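Raw work_23.cif, mmCIF, C-alpha atoms and all ligand atoms:
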data_my_file
#
loop_
_atom_site.label_atom_id
_atom_site.label_comp_id
_atom_site.auth_asym_id
_atom_site.auth_seq_id
_atom_site.Cartn_x
_atom_site.Cartn_y
_atom_site.Cartn_z
CA MET A 1 -99.63 74.68 -1.18
CA ALA A 2 -98.78 77.19 -3.85
CA LYS A 3 -95.75 76.43 -5.92
CA ILE A 4 -92.96 79.04 -6.14
CA LYS A 5 -90.91 79.15 -9.25
CA ILE A 6 -87.21 79.91 -8.49
CA GLU A 7 -85.70 82.01 -11.22
CA SER A 8 -82.19 82.59 -9.77
CA VAL A 9 -79.81 81.50 -6.97
CA ASP A 10 -80.60 84.67 -5.05
CA GLN A 11 -84.15 83.45 -4.56
CA LEU A 12 -83.08 80.25 -2.75
CA PRO A 13 -84.07 80.12 0.95
CA ILE A 14 -81.31 80.06 3.61
CA MET A 15 -80.47 76.46 4.40
CA PRO A 16 -77.55 74.48 5.93
CA LEU A 17 -75.17 73.06 3.39
CA THR A 18 -71.95 71.03 3.80
CA ILE A 19 -69.31 72.36 1.48
CA GLU A 20 -66.29 70.43 2.85
CA ASP A 21 -65.56 67.29 4.88
CA MET A 22 -65.77 67.23 8.66
CA THR A 23 -62.10 66.68 9.43
CA TRP A 24 -61.93 70.17 11.00
CA ASN A 25 -64.02 68.74 13.82
CA ARG A 26 -61.32 67.07 15.91
CA THR A 27 -63.45 64.64 17.81
CA GLY A 28 -60.35 62.84 19.08
CA SER A 29 -60.52 65.12 22.13
CA TRP A 30 -63.59 63.16 23.29
CA ARG A 31 -61.50 59.99 23.65
CA LEU A 32 -60.84 58.32 27.00
CA LEU A 33 -58.83 55.28 25.88
CA THR A 34 -56.40 55.21 22.96
CA PRO A 35 -55.78 52.35 20.50
CA VAL A 36 -52.06 51.58 20.31
CA VAL A 37 -50.60 49.50 17.48
CA GLY A 38 -47.69 47.44 18.79
CA ASP A 39 -46.25 44.10 17.77
CA LYS A 40 -45.84 41.67 20.66
CA ILE A 41 -43.54 38.75 21.37
CA PRO A 42 -45.55 35.58 20.57
CA PRO A 43 -45.09 32.42 22.66
CA CYS A 44 -43.02 30.72 19.94
CA GLN A 45 -40.52 33.57 19.90
CA GLY A 46 -40.60 33.93 23.67
CA SER A 47 -39.52 30.32 24.12
CA CYS A 48 -36.72 30.52 21.52
CA PRO A 49 -33.40 30.90 23.40
CA ILE A 50 -32.26 33.24 20.62
CA GLY A 51 -35.54 35.20 20.45
CA GLN A 52 -35.75 34.84 16.67
CA PRO A 53 -38.48 36.94 14.96
CA ILE A 54 -40.58 33.92 14.04
CA PRO A 55 -43.78 35.46 12.60
CA GLU A 56 -41.77 37.96 10.55
CA PHE A 57 -39.43 35.45 8.93
CA ILE A 58 -42.33 33.06 8.29
CA GLN A 59 -44.26 35.88 6.59
CA ALA A 60 -41.24 36.47 4.31
CA ALA A 61 -41.12 32.71 3.58
CA LEU A 62 -44.84 32.75 2.73
CA GLU A 63 -44.13 35.44 0.17
CA GLY A 64 -41.24 33.36 -1.22
CA ASP A 65 -38.71 36.02 -0.18
CA TRP A 66 -36.07 33.68 1.24
CA ASP A 67 -33.37 36.36 1.21
CA LEU A 68 -35.44 38.51 3.53
CA ALA A 69 -36.33 35.50 5.71
CA LEU A 70 -32.64 34.68 6.11
CA SER A 71 -31.70 38.30 6.83
CA GLN A 72 -34.36 38.49 9.54
CA LEU A 73 -33.09 35.29 11.14
CA MET A 74 -29.47 36.42 10.93
CA GLU A 75 -30.19 39.61 12.84
CA HIS A 76 -30.43 37.27 15.83
CA ASN A 77 -28.84 33.99 14.83
CA PRO A 78 -25.59 33.76 12.86
CA LEU A 79 -26.02 30.02 12.17
CA PRO A 80 -29.65 29.30 11.17
CA GLY A 81 -28.60 26.28 9.09
CA VAL A 82 -27.10 24.72 12.24
CA THR A 83 -30.01 25.48 14.57
CA GLY A 84 -32.46 24.57 11.77
CA ARG A 85 -30.96 21.06 11.79
CA LEU A 86 -30.07 20.46 15.44
CA CYS A 87 -32.24 22.55 17.78
CA TYR A 88 -34.90 20.71 19.77
CA HIS A 89 -37.35 23.49 18.72
CA PRO A 90 -38.99 24.57 22.01
CA CYS A 91 -40.77 27.19 19.84
CA GLN A 92 -43.00 24.53 18.30
CA ALA A 93 -44.05 23.22 21.71
CA LYS A 94 -45.51 26.68 22.43
CA CYS A 95 -46.99 27.35 18.99
CA LEU A 96 -50.58 28.63 19.35
CA ARG A 97 -51.55 26.91 16.11
CA ARG A 98 -51.64 23.69 18.15
CA LYS A 99 -55.01 24.87 19.50
CA MET A 100 -56.42 24.53 15.97
CA ASP A 101 -54.59 21.46 14.64
CA ARG A 102 -50.79 21.11 14.93
CA ALA A 103 -47.76 23.32 15.45
CA VAL A 104 -46.24 25.20 12.54
CA GLU A 105 -43.03 23.46 11.34
CA ILE A 106 -40.84 26.40 12.40
CA LYS A 107 -37.62 24.41 12.44
CA ALA A 108 -38.08 23.14 8.87
CA LEU A 109 -38.85 26.69 7.67
CA GLU A 110 -35.76 28.01 9.43
CA ASN A 111 -33.63 25.39 7.72
CA ALA A 112 -35.26 26.16 4.36
CA ALA A 113 -34.42 29.86 4.79
CA ALA A 114 -30.80 28.94 5.56
CA GLU A 115 -30.66 26.76 2.41
CA ARG A 116 -32.51 29.06 0.01
CA GLY A 117 -31.54 32.52 1.21
CA ARG A 118 -28.69 34.27 -0.57
CA LEU A 119 -26.82 37.47 0.29
CA PRO A 120 -28.40 38.07 3.70
CA ARG A 121 -28.19 41.67 4.82
CA PRO A 122 -28.93 41.94 8.52
CA VAL A 123 -28.79 45.50 9.84
CA LYS A 124 -25.18 46.46 10.56
CA LYS A 125 -24.31 49.61 12.51
CA PRO A 126 -21.56 51.96 11.32
CA ALA A 127 -18.03 51.25 12.57
CA THR A 128 -17.39 52.57 16.06
CA GLY A 129 -13.61 52.07 15.96
CA ARG A 130 -13.81 49.88 19.08
CA ARG A 131 -11.58 46.83 19.08
CA VAL A 132 -12.67 43.59 20.72
CA ALA A 133 -10.90 40.21 20.88
CA VAL A 134 -12.78 36.94 21.40
CA LEU A 135 -10.86 33.92 22.69
CA GLY A 136 -12.44 30.69 21.47
CA ALA A 137 -14.32 30.18 18.19
CA GLY A 138 -16.91 27.86 19.73
CA LEU A 139 -20.60 28.44 19.10
CA ALA A 140 -21.04 31.02 21.89
CA GLY A 141 -17.78 32.83 21.07
CA LEU A 142 -18.59 32.98 17.35
CA THR A 143 -22.07 34.29 18.11
CA ALA A 144 -20.79 36.98 20.48
CA ALA A 145 -18.14 38.03 17.96
CA TYR A 146 -20.74 38.18 15.17
CA HIS A 147 -23.10 40.39 17.16
CA LEU A 148 -20.36 42.73 18.32
CA ALA A 149 -19.24 43.10 14.70
CA LEU A 150 -22.84 43.85 13.63
CA ARG A 151 -22.83 46.55 16.32
CA GLY A 152 -19.87 48.25 14.72
CA CYS A 153 -16.93 46.76 16.64
CA GLN A 154 -13.78 45.55 14.96
CA VAL A 155 -13.56 41.94 16.16
CA LEU A 156 -10.68 39.47 16.13
CA VAL A 157 -11.48 35.83 17.04
CA LEU A 158 -8.64 33.54 18.12
CA ASP A 159 -8.76 29.78 18.42
CA PRO A 160 -5.92 27.27 18.77
CA ALA A 161 -7.92 24.58 16.89
CA GLU A 162 -7.63 24.11 13.13
CA ARG A 163 -11.25 24.91 12.37
CA PRO A 164 -13.72 27.31 13.95
CA GLY A 165 -16.95 25.87 15.32
CA GLY A 166 -15.79 24.09 18.49
CA PHE A 167 -17.94 21.05 19.31
CA LEU A 168 -19.94 21.44 16.08
CA ASN A 169 -16.98 19.82 14.31
CA ASP A 170 -17.59 16.62 16.33
CA ILE A 171 -21.26 16.22 15.41
CA ALA A 172 -22.14 13.20 13.22
CA SER A 173 -22.13 14.15 9.54
CA ASP A 174 -25.67 12.82 8.93
CA LYS A 175 -26.92 15.38 11.48
CA LEU A 176 -24.65 18.24 10.40
CA PRO A 177 -22.76 17.67 7.12
CA PRO A 178 -19.29 19.30 7.28
CA GLU A 179 -20.00 21.28 4.11
CA VAL A 180 -23.07 22.81 5.79
CA LEU A 181 -21.01 23.82 8.82
CA ASP A 182 -18.38 25.35 6.51
CA ARG A 183 -21.01 27.29 4.60
CA GLU A 184 -22.63 28.59 7.77
CA VAL A 185 -19.33 29.68 9.33
CA GLN A 186 -18.13 31.32 6.11
CA ARG A 187 -21.43 33.14 5.79
CA LEU A 188 -21.29 34.54 9.30
CA ILE A 189 -17.69 35.66 8.74
CA SER A 190 -18.53 37.48 5.51
CA VAL A 191 -21.81 39.01 6.76
CA ALA A 192 -20.25 40.43 9.93
CA GLY A 193 -16.77 41.09 8.52
CA LEU A 194 -15.02 39.05 11.24
CA ASP A 195 -11.33 38.37 11.40
CA ILE A 196 -10.88 34.74 12.56
CA LYS A 197 -7.45 33.31 13.24
CA THR A 198 -7.22 29.57 13.89
CA CYS A 199 -4.15 27.66 15.17
CA MET A 200 -3.37 30.81 17.14
CA GLN A 201 -1.82 30.90 20.58
CA ASP A 202 -1.30 34.59 21.03
CA LEU A 203 -3.10 37.90 20.98
CA GLU A 204 -1.83 40.22 18.28
CA GLY A 205 -2.12 43.94 17.91
CA GLY A 206 -4.06 45.90 20.47
CA PRO A 207 -4.93 47.73 22.45
CA TYR A 208 -8.33 46.04 22.84
CA GLU A 209 -11.12 47.69 24.75
CA LEU A 210 -12.51 44.31 25.69
CA VAL A 211 -11.44 40.66 25.59
CA LEU A 212 -14.23 38.13 25.71
CA ILE A 213 -13.28 34.60 26.82
CA ASP A 214 -15.55 31.78 25.67
CA ARG A 215 -15.23 29.28 28.51
CA THR A 216 -17.77 26.99 26.82
CA ALA A 217 -15.26 26.32 24.02
CA HIS A 218 -12.70 23.55 24.55
CA PRO A 219 -9.56 25.63 23.73
CA ALA A 220 -9.56 28.18 26.55
CA GLY A 221 -6.53 26.69 28.49
CA SER A 222 -3.28 27.45 26.68
CA LEU A 223 -4.64 30.38 24.73
CA GLU A 224 -6.03 32.09 27.78
CA GLU A 225 -2.84 31.58 29.76
CA THR A 226 -0.67 33.30 27.15
CA VAL A 227 -3.19 35.98 26.40
CA LEU A 228 -3.91 36.83 30.02
CA LYS A 229 -0.23 37.58 30.61
CA LYS A 230 -0.51 40.32 28.04
CA MET A 231 -3.89 41.57 29.11
CA ALA A 232 -2.60 44.20 31.50
CA ALA A 233 -0.72 45.92 28.70
CA GLN A 234 -3.12 45.48 25.80
CA VAL A 235 -6.60 45.02 27.20
CA LEU A 236 -8.74 47.51 29.05
CA ASP A 237 -11.52 45.17 30.18
CA GLY A 238 -12.42 41.47 30.20
CA LEU A 239 -15.65 39.47 30.08
CA GLU A 240 -16.34 35.74 30.23
CA ILE A 241 -19.00 33.57 28.62
CA THR A 242 -19.80 30.75 31.01
CA TRP A 243 -22.20 27.87 30.88
CA GLU A 244 -24.03 26.90 34.05
CA SER A 245 -23.70 23.16 33.39
CA SER A 246 -20.81 21.35 35.10
CA SER A 247 -19.81 20.05 31.67
CA ALA A 248 -18.17 22.69 29.53
CA SER A 249 -19.45 21.21 26.28
CA PHE A 250 -22.93 21.38 24.76
CA LYS A 251 -25.08 18.61 23.42
CA ALA A 252 -26.09 19.02 19.79
CA SER A 253 -29.70 19.73 20.75
CA GLN A 254 -28.53 22.64 22.90
CA VAL A 255 -27.14 24.67 20.02
CA SER A 256 -29.77 27.37 20.33
CA ARG A 257 -28.95 27.79 24.03
CA ALA A 258 -25.28 28.25 23.13
CA VAL A 259 -26.18 30.83 20.46
CA GLY A 260 -28.46 32.56 22.98
CA LEU A 261 -25.59 32.66 25.47
CA GLY A 262 -23.31 34.26 22.88
CA LEU A 263 -25.98 36.83 22.06
CA GLN A 264 -26.41 37.73 25.74
CA ALA A 265 -22.62 38.03 26.12
CA ALA A 266 -22.50 40.43 23.17
CA LEU A 267 -25.25 42.57 24.71
CA GLN A 268 -23.41 42.59 28.02
CA ALA A 269 -20.19 43.58 26.26
CA GLU A 270 -22.01 46.31 24.36
CA ARG A 271 -23.36 47.71 27.62
CA ARG A 272 -19.83 47.80 29.04
CA LEU A 273 -18.59 49.55 25.92
CA GLY A 274 -21.62 51.82 25.54
CA GLY A 275 -21.92 52.91 29.15
CA ASP A 276 -24.95 54.23 31.02
CA GLU A 277 -26.53 55.91 28.03
CA LEU A 278 -27.11 52.60 26.28
CA VAL A 279 -28.35 50.87 29.44
CA GLN A 280 -30.90 53.66 30.03
CA ALA A 281 -32.07 53.56 26.41
CA GLU A 282 -32.62 49.80 26.70
CA ALA A 283 -34.50 50.13 29.98
CA ALA A 284 -36.84 52.67 28.39
CA GLN A 285 -38.00 50.11 25.79
CA PRO A 286 -41.28 48.49 26.90
CA GLU A 287 -41.29 44.72 26.66
CA ARG A 288 -44.44 43.65 24.89
CA VAL A 289 -45.23 40.02 25.54
CA LEU A 290 -48.32 38.59 23.88
CA VAL A 291 -50.99 37.18 26.17
CA PRO A 292 -52.07 34.03 24.28
CA ALA A 293 -55.73 34.74 25.10
CA ALA A 294 -55.42 37.93 23.00
CA VAL A 295 -55.39 35.82 19.81
CA LYS A 296 -58.97 35.44 18.58
CA PHE A 297 -59.09 32.09 16.86
CA GLU A 298 -62.76 32.51 15.98
CA ARG A 299 -61.85 35.43 13.75
CA LEU A 300 -59.22 33.50 11.79
CA PRO A 301 -60.84 30.59 9.88
CA ASP A 302 -61.40 32.43 6.58
CA GLU A 303 -57.86 33.61 6.51
CA LYS A 304 -56.60 30.15 7.34
CA THR A 305 -58.01 28.65 4.15
CA MET A 306 -57.26 31.73 2.08
CA ARG A 307 -53.56 31.74 2.93
CA LEU A 308 -53.22 28.00 2.31
CA GLU A 309 -54.82 28.30 -1.14
CA ALA A 310 -52.65 31.27 -2.03
CA ALA A 311 -49.51 29.30 -1.23
CA ALA A 312 -50.56 26.13 -3.06
CA ALA A 313 -50.91 27.74 -6.47
CA GLY A 314 -48.12 25.63 -8.04
CA GLU A 315 -45.46 28.24 -7.36
CA PRO A 316 -41.87 27.34 -6.33
CA ASP A 317 -41.56 25.83 -2.84
CA ALA A 318 -45.35 25.47 -2.69
CA SER A 319 -45.36 22.99 0.21
CA LEU A 320 -42.97 25.09 2.31
CA ARG A 321 -44.95 28.22 1.59
CA ALA A 322 -48.18 26.39 2.42
CA GLU A 323 -46.62 25.49 5.76
CA ALA A 324 -45.62 29.13 6.27
CA GLY A 325 -49.24 30.04 5.49
CA ARG A 326 -50.37 28.07 8.54
CA CYS A 327 -48.70 30.58 10.87
CA LEU A 328 -51.31 32.80 12.52
CA SER A 329 -48.82 35.67 12.92
CA CYS A 330 -49.73 35.85 16.60
CA GLY A 331 -49.04 39.27 18.07
CA THR A 332 -47.51 40.54 14.82
CA CYS A 333 -49.40 42.75 12.37
CA ASN A 334 -49.55 41.15 8.93
CA LEU A 335 -51.63 44.00 7.46
CA CYS A 336 -54.82 41.95 7.24
CA GLN A 337 -56.68 45.29 7.64
CA SER A 338 -59.55 43.92 9.70
CA CYS A 339 -59.10 47.00 11.89
CA VAL A 340 -59.29 49.31 8.85
CA LEU A 341 -62.55 47.72 7.76
CA GLY A 342 -63.97 47.79 11.27
CA CYS A 343 -63.32 51.40 12.27
CA PRO A 344 -66.60 53.35 11.98
CA ASP A 345 -64.73 56.67 11.86
CA ALA A 346 -62.17 55.77 9.18
CA CYS A 347 -59.39 56.51 11.68
CA CYS A 348 -57.54 53.22 11.27
CA LEU A 349 -55.42 53.62 8.17
CA LEU A 350 -52.87 51.68 6.17
CA ASP A 351 -49.72 53.73 5.60
CA GLU A 352 -48.86 52.39 2.13
CA GLU A 353 -45.35 53.76 2.12
CA LYS A 354 -44.28 52.47 5.52
CA GLN A 355 -46.49 49.37 5.25
CA ARG A 356 -47.95 49.71 8.70
CA ILE A 357 -51.21 50.58 10.41
CA ILE A 358 -51.55 54.10 11.80
CA ILE A 359 -54.33 55.70 13.85
CA ASP A 360 -55.66 59.18 13.14
CA LEU A 361 -55.73 60.32 16.75
CA TYR A 362 -57.27 63.71 15.85
CA HIS A 363 -60.49 61.91 15.13
CA CYS A 364 -60.34 58.50 16.86
CA LYS A 365 -62.91 58.38 19.67
CA GLY A 366 -61.46 55.31 21.35
CA CYS A 367 -64.49 53.11 20.73
CA GLY A 368 -62.19 50.04 20.67
CA ILE A 369 -63.76 48.34 17.64
CA CYS A 370 -60.36 48.08 15.94
CA SER A 371 -58.90 46.34 18.97
CA TYR A 372 -61.88 43.96 19.04
CA GLU A 373 -61.49 43.23 15.33
CA CYS A 374 -57.73 42.58 15.38
CA PRO A 375 -57.36 38.78 15.49
CA ARG A 376 -53.73 38.91 16.62
CA GLY A 377 -53.73 41.05 19.74
CA VAL A 378 -51.67 43.77 18.01
CA LEU A 379 -54.05 46.64 18.73
CA ALA A 380 -54.70 47.32 22.39
CA LEU A 381 -56.65 50.10 24.10
CA GLU A 382 -54.44 51.93 26.55
CA ASN A 383 -54.91 54.74 29.00
CA VAL A 384 -52.46 57.13 27.35
S1 LIG B 1 -48.90 30.37 14.82
FE1 LIG B 1 -47.01 31.39 14.11
S2 LIG B 1 -46.78 33.21 15.42
FE2 LIG B 1 -48.33 31.89 16.37
S3 LIG B 1 -47.17 30.74 17.90
FE3 LIG B 1 -47.23 29.49 16.00
S4 LIG B 1 -45.39 30.02 14.81
FE4 LIG B 1 -45.67 31.57 16.44
S1 LIG B 2 -62.24 51.71 15.73
FE1 LIG B 2 -61.52 53.71 14.95
S2 LIG B 2 -62.48 55.21 16.33
FE2 LIG B 2 -62.65 53.23 17.34
S3 LIG B 2 -60.83 53.13 18.66
FE3 LIG B 2 -60.26 52.15 16.72
S4 LIG B 2 -59.35 53.77 15.48
FE4 LIG B 2 -60.46 54.78 17.18
S1 LIG B 3 -56.35 43.89 12.45
FE1 LIG B 3 -54.77 43.14 11.04
S2 LIG B 3 -53.98 45.00 10.09
FE2 LIG B 3 -55.07 45.66 11.93
S3 LIG B 3 -53.47 45.73 13.53
FE3 LIG B 3 -54.44 43.71 13.64
S4 LIG B 3 -53.12 42.41 12.37
FE4 LIG B 3 -52.65 44.52 11.84
#
Could you write out this file's structure as structure tokens?
Amino acid sequence: MAKIKIESVDQLPIMPLTIEDMTWNRTGSWRLLTPVVGDKIPPCQGSCPIGQPIPEFIQAALEGDWDLALSQLMEHNPLPGVTGRLCYHPCQAKCLRRKMDRAVEIKALENAAAERGRLPRPVKKPATGRRVAVLGAGLAGLTAAYHLALRGCQVLVLDPAERPGGFLNDIASDKLPPEVLDREVQRLISVAGLDIKTCMQDLEGGPYELVLIDRTAHPAGSLEETVLKKMAAQVLDGLEITWESSSASFKASQVSRAVGLGLQAALQAERRLGGDELVQAEAAQPERVLVPAAVKFERLPDEKTMRLEAAAAGEPDASLRAEAGRCLSCGTCNLCQSCVLGCPDACCLLDEEKQRIIIDLYHCKGCGICSYECPRGVLALENV
């Protein structure tokens, strides 16, 4: 074949040439199923009566950020140093790590966060101006008061006893040293901005939009009698915290159930105060419970050793952080980026600023590889 010498660009033959990337071609319209990134409730968290965010706080512990770990716990539990010592840890009985070797020591990590964390800053809503009184500074009453204060209410807690804490004051000091109980109660008071009045027999001030009576606390009797007489004039609504057991008092191992009861009472009170709008907003939230089978253990071994080595590098709290490294973060994205590596269309992306995985739905074709690659059941294909 004769050779042609090209002297200028004008002499080039017409040929196809890509001069920009192909993002204009929005192939996402071909998709039938859509990958949805959504953290789930793992079995450990699901069996915790307080619903503590276990994988999240353990991840913070792994990174040595005890302040964050404590803040995360205290968004649910005002007394992690008490539950960390006394709770019978039903979470560990459900831990999926047991399928590989043994359960993660969740209780010990919770206690470590309570001991090491300083200046916890759980999310606190702006003041609503609503006034609530809680009768009884037992565990459930304190918890309800704490959560209502975090939700912006101005809360007064009354108790005829000398010290807040109810039955916690009677627990043997080797199980719960008095100085630990003091620290925990003082911390919850300062974090939530509670007003607690002990040795009190009467309800001051008012009017109160709601009075919450903790019937699980021993003091109810005299206090309630005096207060109820005034309720008609000063109180618009009333709510009780009751315990289904015939005995009004808790056993030490039941502390997390008492805290859970207080949390539920606070939510119930908030619904009463917030009205239908809040109830509808809550109902619209999908509950995402992790199906244990969604965790792919066969895809985890490398990470298992990697995380343990990272935590055992002679840094502070190495053994605790090594224990935290054993958590598989079931149902909770820990930004391992297996999905990012797996996506053949580069549609699974790490949002550096928000530190979360996002999907480019303009181009995702719904092949499902990301969902297959995710070891934790976070990414699911849905018909949306
Ligand atoms: S491995 Fe971690 S996230 Fe999974 S169940 Fe156990 S504590 Fe919970
Ligand atoms: S792997 Fe990529 S293209 Fe496939 S479903 Fe996931 S994000 Fe979409
Ligand atoms: S593969 Fe990793 S980064 Fe991707 S969603 Fe699952 S846990 Fe998160």
Show me which residues are within 8 Å of ligand LIG 1 (chain B) counting all atoms listed in the file, and format the list as a PyMOL selection string. chain A and resi 42-45+54-55+58+91-92+94-98+103-106+326-332
Report as a VMD selection string which protein, DNA and RNA residues come within 6 Å of ligand LIG 3 (chain B), using all atoms listed in the file. chain A and resid 333 to 339 373 to 374 376 378 to 379
At a cut-off of 9 Å and counting all atoms listed in the file, what residues surround ligand LIG 2 (chain B)? Please answer as a PyMOL selection string. chain A and resi 28+31+33-36+339-349+358-361+363-373+379+381
My list of candidates is A:Leu188, A:Ala112, A:Leu32, A:Glu75. Which is closest to A:Ser319 when distances are computed with all atoms listed in the file?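 Distance minimum relative to A:Ser319 lands on A:Ala112.
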Go through A:Ala324, A:Ala149, A:Leu263, A:Leu210 one by one, measure the shortest atom-to-atom distance of each to A:Glu56 using all atoms listed in the file, and give the residue with the smallest value. A:Ala324
Across A:Gly129, A:Glu115, A:Pro178, A:Val191, the smallest distance to A:Met74, with only C-alpha atoms counted, is shown by A:Val191
In Å, how far is it from atom CA of A:Pro90 to atom CA of A:Asp214?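 Calculated distance between atom CA of A:Pro90 and atom CA of A:Asp214 is 24.8 Å.
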Can you tell me how far atom CA of A:Asp39 sits from atom CA of A:Leu148, in Å to one decimal? 25.9 Å
Length of the atom CA of A:Thr143 to atom CA of A:Glu63 vector [Å]: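 About the pair atom CA of A:Thr143 and atom CA of A:Glu63: they are 28.5 Å apart.
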Using all atoms listed in the file, find the one residue out of A:Ala69, A:Val157, A:Leu17, A:Ala293 that sits nearest to A:Ala145.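 Counting all atoms listed in the file, the residue closest to A:Ala145 is A:Val157.
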Shell of 7 Å around A:Leu150, all atoms listed in the file, local chain residues under 6 positions omitted, as a PyMOL selection string: chain A and resi 124-125+192
Of the listed residues A:Gly46, A:Pro164, A:Gly260, A:Gly274, that which approaches A:Leu290 most closely, counting all atoms listed in the file: A:Gly46
Contacts of A:Asp170 within 12 Å, only C-alpha atoms, excl. fewer than 2 positions in-chain, as a VMD selection string: chain A and resid 138 163 to 168 172 to 178 181 218 249 to 252
First collect every listed atom of stretch 180-191 of chain A; then fit an axis-aligned box around them, widen it by 6 Å on each side, and give centre and edge lengths in Å to one decimal, as JSON.
{"center_x": -20.4, "center_y": 30.9, "center_z": 7.0, "size_x": 17.4, "size_y": 28.2, "size_z": 16.7}
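Proximity of A:Cys199, A:Val255, A:Leu156, A:Ala108 to A:Ile171, computed with all atoms listed in the file, is greatest for A:Val255.
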So that I can see what lies close to A:Leu273, please list as a ChimeraX atom specification the residues with an atom at most 9 Å from it, counting all atoms listed in the file and leaving out residues fewer than 5 positions away in the same chain. /A:130,209-210,268
What's the 6 Å shell around A:Val295, counting only C-alpha atoms, without same-chain residues fewer than 3 positions away, as a list in words? Pro292, Pro375, Arg376 and Gly377 of chain A
Mind checking which residues fall within 8 Å of A:His89, counting all atoms listed in the file, ignoring those fewer than 4 positions away in the same chain, and posting them as a list in words?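 Counting all atoms listed in the file, the residues come to Cys48, Ala93, Ile106 and Lys107 of chain A.
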